[in-house]
Amino acid sequence: MPVFSLTVNHVKHSVNVAADTPLLWVLRDTLNLTGTKYGCGLGICGACTIHLEGKALRACQIPISEAAGKSFVTIEGLSANGDHPCQRAWVAEDVSQCGFCQPGMIMATAGLLAEKPNPSKAEIELVLSEHVCRCGTYCRVRKAVQTAIQLTGGKK
Ligand code: FES
Ligand code: FES
């Protein structure tokens with residue numbers, strides 16, 4: 001099998017997997033970064049959301065052959081101490097129920113706020129509409145997004 005190199009959370013890795021292996025499985029099974037979740041494998045649920053250069057994307061939809069040479073951030077690398085404004089907001093609003101979808105929700109929100117520190121309600125809803133929570137935490141997620149905006153002071 002070929003060897004692919006990539007950077008995850010500022011650490012370089014070389015992985016020996018089939019070229020069509022989704023990045024999600026490289027993260028979870030090869031690099032043991034299990035914060036990124038498998039929900040649908042189809043790019044629909046958002047559970048596998050990570051960042052490439054600050055932008056949110058779905059790890060289940062990227063084969064390792066496309067991920068090679070790039071630098072990604074997962075929920076484990078979003079902040080050094082779990083104190084990114086989104087993480088603090090999620091704790092403050094007690095968002096999680098089972099927690100399965102929440103890393104993806106947090107990464108999506110962090111990506112949105114990195115791009116647009118003061119997003120409109122429509123922009124927030126567009127991002128959240130692309131994420132599924134089987135526990136129905138949507139109201140608390142919306143509150144947490146507003147809290148995260150307050151915590152960042154609407155600044156990049
Ligand atoms: S597992 Fe990737 S979007 Fe659902
Ligand atoms: S908190 Fe359980 S799936 Fe969202």
# chains A, B, ... in the order shown; residues from 1 in each chain; ligands from 1
>>> residues_near_ligand(ligand="ligand 1", cutoff="6 Å", atoms="only C-alpha atoms and all ligand atoms", output="ChimeraX atom specification")
/A:38-48,58-60
>>> closest_atom_pairs(of="chain A", to="ligand 2", cutoff="9 Å", atoms="only C-alpha atoms and all ligand atoms", output="Markdown table")
| residue | atom | partner | partner_atom_place_in_ligand_line | distance |
| --- | --- | --- | --- | --- |
| A:Ala47 | CA | ligand 2 | 3 (S) | 8.7 |
| A:Val95 | CA | ligand 2 | 1 (S) | 7.4 |
| A:Ser96 | CA | ligand 2 | 1 (S) | 4.8 |
| A:Gln97 | CA | ligand 2 | 1 (S) | 4.1 |
| A:Cys98 | CA | ligand 2 | 2 (Fe) | 3.9 |
| A:Gly99 | CA | ligand 2 | 1 (S) | 4.0 |
| A:Phe100 | CA | ligand 2 | 3 (S) | 4.8 |
| A:Cys101 | CA | ligand 2 | 4 (Fe) | 4.3 |
| A:Gln102 | CA | ligand 2 | 4 (Fe) | 5.8 |
| A:Met105 | CA | ligand 2 | 4 (Fe) | 8.7 |
| A:Val132 | CA | ligand 2 | 4 (Fe) | 7.0 |
| A:Cys133 | CA | ligand 2 | 4 (Fe) | 3.7 |
| A:Arg134 | CA | ligand 2 | 3 (S) | 4.2 |
| A:Cys135 | CA | ligand 2 | 2 (Fe) | 4.2 |
| A:Gly136 | CA | ligand 2 | 4 (Fe) | 6.4 |
| A:Thr137 | CA | ligand 2 | 1 (S) | 6.0 |
| A:Tyr138 | CA | ligand 2 | 4 (Fe) | 8.3 |
>>> write_last_selection(atoms="C-alpha atoms", output="PDB file, in the first residue's frame")
ATOM      1  CA  ALA A  47     -20.468  14.439  12.576  1.00  0.00           C
ATOM      2  CA  VAL A  95     -25.321  21.664  25.083  1.00  0.00           C
ATOM      3  CA  SER A  96     -24.307  18.027  24.895  1.00  0.00           C
ATOM      4  CA  GLN A  97     -26.649  15.151  25.505  1.00  0.00           C
ATOM      5  CA  CYS A  98     -25.010  11.968  24.197  1.00  0.00           C
ATOM      6  CA  GLY A  99     -22.372  14.247  22.658  1.00  0.00           C
ATOM      7  CA  PHE A 100     -21.903  12.273  19.452  1.00  0.00           C
ATOM      8  CA  CYS A 101     -22.692  15.105  17.024  1.00  0.00           C
ATOM      9  CA  GLN A 102     -21.137  17.883  19.083  1.00  0.00           C
ATOM     10  CA  MET A 105     -21.189  21.127  15.465  1.00  0.00           C
ATOM     11  CA  VAL A 132     -27.918  16.324  12.473  1.00  0.00           C
ATOM     12  CA  CYS A 133     -28.378  15.798  16.218  1.00  0.00           C
ATOM     13  CA  ARG A 134     -30.384  12.713  17.075  1.00  0.00           C
ATOM     14  CA  CYS A 135     -30.766  14.003  20.654  1.00  0.00           C
ATOM     15  CA  GLY A 136     -32.433  17.213  19.465  1.00  0.00           C
ATOM     16  CA  THR A 137     -30.065  19.694  21.101  1.00  0.00           C
ATOM     17  CA  TYR A 138     -30.673  22.301  18.422  1.00  0.00           C
TER      18      TYR A 138
END
>>> closest_residue(among="A:Gly111, A:Gly77, A:Pro119, A:Gly35", to="A:His10", atoms="only C-alpha atoms")
A:Gly77
>>> residues_around(residues="stretch 70-74 of chain A", least_positions_apart="6", cutoff="8 Å", atoms="only C-alpha atoms", output="list in words")
Leu6, Thr7, Val8, Asn9, His10, Leu33, Gly35, Thr36, Thr49, Ile50, His51, Leu52, Glu53, Gly54 and Met107 of chain A
>>> select_by_dssp(residues="stretch 8-131 of chain A", states="strand (DSSP E or B)", output="number ranges by chain")
A: 8, 11-16, 22, 49-52, 55-58, 63, 71-73
>>> residues_around(residues="A:Asp94", least_positions_apart="5", cutoff="12 Å", atoms="only C-alpha atoms", output="list of chain:residue names")
A:Cys86, A:Gln87, A:Arg88, A:Ala89, A:Gly99, A:Gln102, A:Thr137, A:Tyr138, A:Cys139, A:Arg140, A:Val141, A:Arg142, A:Lys143, A:Ala144, A:Thr147
>>> write_last_selection(atoms="N, CA and C atoms", output="PDB file, in the first residue's frame")
ATOM      1  N   CYS A  86     -15.816  28.521  21.292  1.00  0.00           N
ATOM      2  CA  CYS A  86     -16.938  27.599  21.015  1.00  0.00           C
ATOM      3  C   CYS A  86     -17.005  26.504  22.080  1.00  0.00           C
ATOM      4  N   GLN A  87     -15.880  25.989  22.479  1.00  0.00           N
ATOM      5  CA  GLN A  87     -15.887  24.948  23.512  1.00  0.00           C
ATOM      6  C   GLN A  87     -16.386  25.500  24.842  1.00  0.00           C
ATOM      7  N   ARG A  88     -15.936  26.727  25.171  1.00  0.00           N
ATOM      8  CA  ARG A  88     -16.410  27.355  26.415  1.00  0.00           C
ATOM      9  C   ARG A  88     -17.907  27.615  26.348  1.00  0.00           C
ATOM     10  N   ALA A  89     -18.375  28.058  25.186  1.00  0.00           N
ATOM     11  CA  ALA A  89     -19.803  28.340  25.029  1.00  0.00           C
ATOM     12  C   ALA A  89     -20.624  27.062  25.140  1.00  0.00           C
ATOM     13  N   GLY A  99     -23.627  13.615  23.062  1.00  0.00           N
ATOM     14  CA  GLY A  99     -22.372  14.247  22.658  1.00  0.00           C
ATOM     15  C   GLY A  99     -21.859  13.844  21.290  1.00  0.00           C
ATOM     16  N   GLN A 102     -21.603  16.567  18.638  1.00  0.00           N
ATOM     17  CA  GLN A 102     -21.137  17.883  19.083  1.00  0.00           C
ATOM     18  C   GLN A 102     -19.764  18.296  18.559  1.00  0.00           C
ATOM     19  N   THR A 137     -30.624  18.605  20.289  1.00  0.00           N
ATOM     20  CA  THR A 137     -30.065  19.694  21.101  1.00  0.00           C
ATOM     21  C   THR A 137     -30.056  21.042  20.363  1.00  0.00           C
ATOM     22  N   TYR A 138     -30.782  21.132  19.305  1.00  0.00           N
ATOM     23  CA  TYR A 138     -30.673  22.301  18.422  1.00  0.00           C
ATOM     24  C   TYR A 138     -30.874  23.642  19.136  1.00  0.00           C
ATOM     25  N   CYS A 139     -31.825  23.708  20.070  1.00  0.00           N
ATOM     26  CA  CYS A 139     -32.066  24.992  20.763  1.00  0.00           C
ATOM     27  C   CYS A 139     -30.831  25.396  21.563  1.00  0.00           C
ATOM     28  N   ARG A 140     -30.234  24.433  22.250  1.00  0.00           N
ATOM     29  CA  ARG A 140     -29.044  24.755  23.047  1.00  0.00           C
ATOM     30  C   ARG A 140     -27.856  25.076  22.133  1.00  0.00           C
ATOM     31  N   VAL A 141     -27.783  24.411  21.005  1.00  0.00           N
ATOM     32  CA  VAL A 141     -26.707  24.724  20.049  1.00  0.00           C
ATOM     33  C   VAL A 141     -26.836  26.179  19.597  1.00  0.00           C
ATOM     34  N   ARG A 142     -28.043  26.591  19.266  1.00  0.00           N
ATOM     35  CA  ARG A 142     -28.234  27.984  18.816  1.00  0.00           C
ATOM     36  C   ARG A 142     -27.807  28.975  19.905  1.00  0.00           C
ATOM     37  N   LYS A 143     -28.175  28.659  21.157  1.00  0.00           N
ATOM     38  CA  LYS A 143     -27.756  29.524  22.269  1.00  0.00           C
ATOM     39  C   LYS A 143     -26.243  29.560  22.379  1.00  0.00           C
ATOM     40  N   ALA A 144     -25.624  28.404  22.238  1.00  0.00           N
ATOM     41  CA  ALA A 144     -24.164  28.322  22.373  1.00  0.00           C
ATOM     42  C   ALA A 144     -23.466  29.108  21.261  1.00  0.00           C
ATOM     43  N   THR A 147     -23.526  32.597  22.390  1.00  0.00           N
ATOM     44  CA  THR A 147     -22.563  32.781  23.489  1.00  0.00           C
ATOM     45  C   THR A 147     -21.139  32.829  22.948  1.00  0.00           C
TER      46      THR A 147
END
>>> select_by_dssp(residues="stretch 59-134 of chain A", states="alpha helix (DSSP H)", output="MDAnalysis selection string")
chainID A and resid 64:67 85:92 102:115 121:128
>>> atom_distance(atom1="atom CA of A:Glu93", atom2="atom CA of A:Thr152")
15.6 Å
>>> closest_residue(among="A:Ala114, A:Gln61, A:Glu76, A:Ala56", to="A:Val11", atoms="only C-alpha atoms")
A:Glu76
>>> residues_around(residues="A:Leu126", least_positions_apart="4", cutoff="12 Å", atoms="only C-alpha atoms", output="number ranges by chain")
A: 108-109, 112, 119-122, 130-131, 142
>>> write_last_selection(atoms="N, CA and C atoms", output="PDB file, in the first residue's frame")
ATOM      1  N   ALA A 108     -17.871  23.142  13.023  1.00  0.00           N
ATOM      2  CA  ALA A 108     -18.593  23.928  12.018  1.00  0.00           C
ATOM      3  C   ALA A 108     -18.774  25.366  12.499  1.00  0.00           C
ATOM      4  N   THR A 109     -19.143  25.527  13.765  1.00  0.00           N
ATOM      5  CA  THR A 109     -19.341  26.877  14.311  1.00  0.00           C
ATOM      6  C   THR A 109     -18.014  27.628  14.373  1.00  0.00           C
ATOM      7  N   LEU A 112     -17.241  28.828  10.975  1.00  0.00           N
ATOM      8  CA  LEU A 112     -18.084  29.967  10.607  1.00  0.00           C
ATOM      9  C   LEU A 112     -17.576  31.250  11.259  1.00  0.00           C
ATOM     10  N   PRO A 119     -21.864  36.555  12.318  1.00  0.00           N
ATOM     11  CA  PRO A 119     -22.708  36.002  11.261  1.00  0.00           C
ATOM     12  C   PRO A 119     -24.167  36.402  11.459  1.00  0.00           C
ATOM     13  N   SER A 120     -24.884  36.478  10.356  1.00  0.00           N
ATOM     14  CA  SER A 120     -26.324  36.751  10.440  1.00  0.00           C
ATOM     15  C   SER A 120     -27.034  35.484  10.909  1.00  0.00           C
ATOM     16  N   LYS A 121     -28.282  35.672  11.324  1.00  0.00           N
ATOM     17  CA  LYS A 121     -29.071  34.517  11.746  1.00  0.00           C
ATOM     18  C   LYS A 121     -29.170  33.510  10.591  1.00  0.00           C
ATOM     19  N   ALA A 122     -29.357  34.015   9.375  1.00  0.00           N
ATOM     20  CA  ALA A 122     -29.477  33.125   8.215  1.00  0.00           C
ATOM     21  C   ALA A 122     -28.188  32.343   7.985  1.00  0.00           C
ATOM     22  N   GLU A 130     -26.974  21.916   8.245  1.00  0.00           N
ATOM     23  CA  GLU A 130     -26.194  20.843   7.626  1.00  0.00           C
ATOM     24  C   GLU A 130     -25.659  19.858   8.666  1.00  0.00           C
ATOM     25  N   HIS A 131     -26.212  19.945   9.891  1.00  0.00           N
ATOM     26  CA  HIS A 131     -25.777  19.044  10.962  1.00  0.00           C
ATOM     27  C   HIS A 131     -26.991  18.371  11.600  1.00  0.00           C
ATOM     28  N   ARG A 142     -28.043  26.591  19.266  1.00  0.00           N
ATOM     29  CA  ARG A 142     -28.234  27.984  18.816  1.00  0.00           C
ATOM     30  C   ARG A 142     -27.807  28.975  19.905  1.00  0.00           C
TER      31      ARG A 142
END
>>> residues_around(residues="A:Leu31", least_positions_apart="4", cutoff="9 Å", atoms="only C-alpha atoms", output="list in words")
His13, Val15, Trp25, Val26 and Leu27 of chain A
>>> write_last_selection(atoms="N, CA and C atoms", output="mmCIF file, in the first residue's frame")
data_model
loop_
_atom_site.group_PDB
_atom_site.id
_atom_site.type_symbol
_atom_site.label_atom_id
_atom_site.label_comp_id
_atom_site.auth_asym_id
_atom_site.auth_seq_id
_atom_site.Cartn_x
_atom_site.Cartn_y
_atom_site.Cartn_z
ATOM 1 N N HIS A 13 2.373 13.297 9.935
ATOM 2 C CA HIS A 13 2.190 11.847 10.002
ATOM 3 C C HIS A 13 2.416 11.257 8.620
ATOM 4 N N VAL A 15 1.116 7.749 6.729
ATOM 5 C CA VAL A 15 0.201 6.622 6.943
ATOM 6 C C VAL A 15 0.247 5.704 5.726
ATOM 7 N N TRP A 25 -11.410 7.768 8.436
ATOM 8 C CA TRP A 25 -10.921 6.507 9.009
ATOM 9 C C TRP A 25 -9.431 6.574 9.311
ATOM 10 N N VAL A 26 -8.707 7.394 8.558
ATOM 11 C CA VAL A 26 -7.291 7.591 8.897
ATOM 12 C C VAL A 26 -7.201 8.281 10.256
ATOM 13 N N LEU A 27 -8.027 9.315 10.456
ATOM 14 C CA LEU A 27 -8.015 10.023 11.733
ATOM 15 C C LEU A 27 -8.368 9.078 12.876
#
>>> atom_distance(atom1="atom CA of A:Ile75", atom2="atom CA of A:Ala18")
24.6 Å
>>> residues_around(residues="A:Asn16", least_positions_apart="6", cutoff="10 Å", atoms="only C-alpha atoms", output="PyMOL selection string")
chain A and resi 1-5+26+30+64
>>> write_last_selection(atoms="C-alpha atoms", output="JSON list (two decimals), in the first residue's frame")
[["chain", "number", "residue", "atom", "x", "y", "z"],
["A", 1, "MET", "CA", 0.00, 0.00, 0.00],
["A", 2, "PRO", "CA", 1.23, 3.53, -0.68],
["A", 3, "VAL", "CA", 2.42, 5.89, 2.03],
["A", 4, "PHE", "CA", 0.70, 9.27, 2.39],
["A", 5, "SER", "CA", 1.94, 12.21, 4.45],
["A", 26, "VAL", "CA", -7.29, 7.59, 8.90],
["A", 30, "THR", "CA", -4.75, 5.07, 12.18],
["A", 64, "ILE", "CA", -6.42, 10.10, 1.80]]
>>> decode(residues="stretch 2-29 of chain A", atoms="C-alpha atoms", output="PDB file, in the first residue's frame")
ATOM      1  CA  PRO A   2       1.229   3.533  -0.683  1.00  0.00           C
ATOM      2  CA  VAL A   3       2.421   5.886   2.026  1.00  0.00           C
ATOM      3  CA  PHE A   4       0.702   9.268   2.389  1.00  0.00           C
ATOM      4  CA  SER A   5       1.938  12.210   4.454  1.00  0.00           C
ATOM      5  CA  LEU A   6      -0.331  14.760   6.075  1.00  0.00           C
ATOM      6  CA  THR A   7      -0.347  17.126   9.030  1.00  0.00           C
ATOM      7  CA  VAL A   8      -3.007  16.868  11.716  1.00  0.00           C
ATOM      8  CA  ASN A   9      -3.148  19.268  14.645  1.00  0.00           C
ATOM      9  CA  HIS A  10       0.322  20.573  13.705  1.00  0.00           C
ATOM     10  CA  VAL A  11       1.884  17.091  13.835  1.00  0.00           C
ATOM     11  CA  LYS A  12       3.208  15.425  10.668  1.00  0.00           C
ATOM     12  CA  HIS A  13       2.190  11.847  10.002  1.00  0.00           C
ATOM     13  CA  SER A  14       2.912   9.222   7.369  1.00  0.00           C
ATOM     14  CA  VAL A  15       0.201   6.622   6.943  1.00  0.00           C
ATOM     15  CA  ASN A  16       0.208   3.406   4.973  1.00  0.00           C
ATOM     16  CA  VAL A  17      -3.350   2.890   3.747  1.00  0.00           C
ATOM     17  CA  ALA A  18      -5.254   2.328   0.501  1.00  0.00           C
ATOM     18  CA  ALA A  19      -5.538   5.472  -1.634  1.00  0.00           C
ATOM     19  CA  ASP A  20      -9.325   5.560  -1.394  1.00  0.00           C
ATOM     20  CA  THR A  21      -9.424   5.357   2.406  1.00  0.00           C
ATOM     21  CA  PRO A  22     -11.548   8.244   3.712  1.00  0.00           C
ATOM     22  CA  LEU A  23      -9.633  10.725   5.851  1.00  0.00           C
ATOM     23  CA  LEU A  24     -12.182  10.070   8.604  1.00  0.00           C
ATOM     24  CA  TRP A  25     -10.921   6.507   9.009  1.00  0.00           C
ATOM     25  CA  VAL A  26      -7.291   7.591   8.897  1.00  0.00           C
ATOM     26  CA  LEU A  27      -8.015  10.023  11.733  1.00  0.00           C
ATOM     27  CA  ARG A  28      -9.964   7.544  13.802  1.00  0.00           C
ATOM     28  CA  ASP A  29      -8.321   4.194  13.112  1.00  0.00           C
TER      29      ASP A  29
END
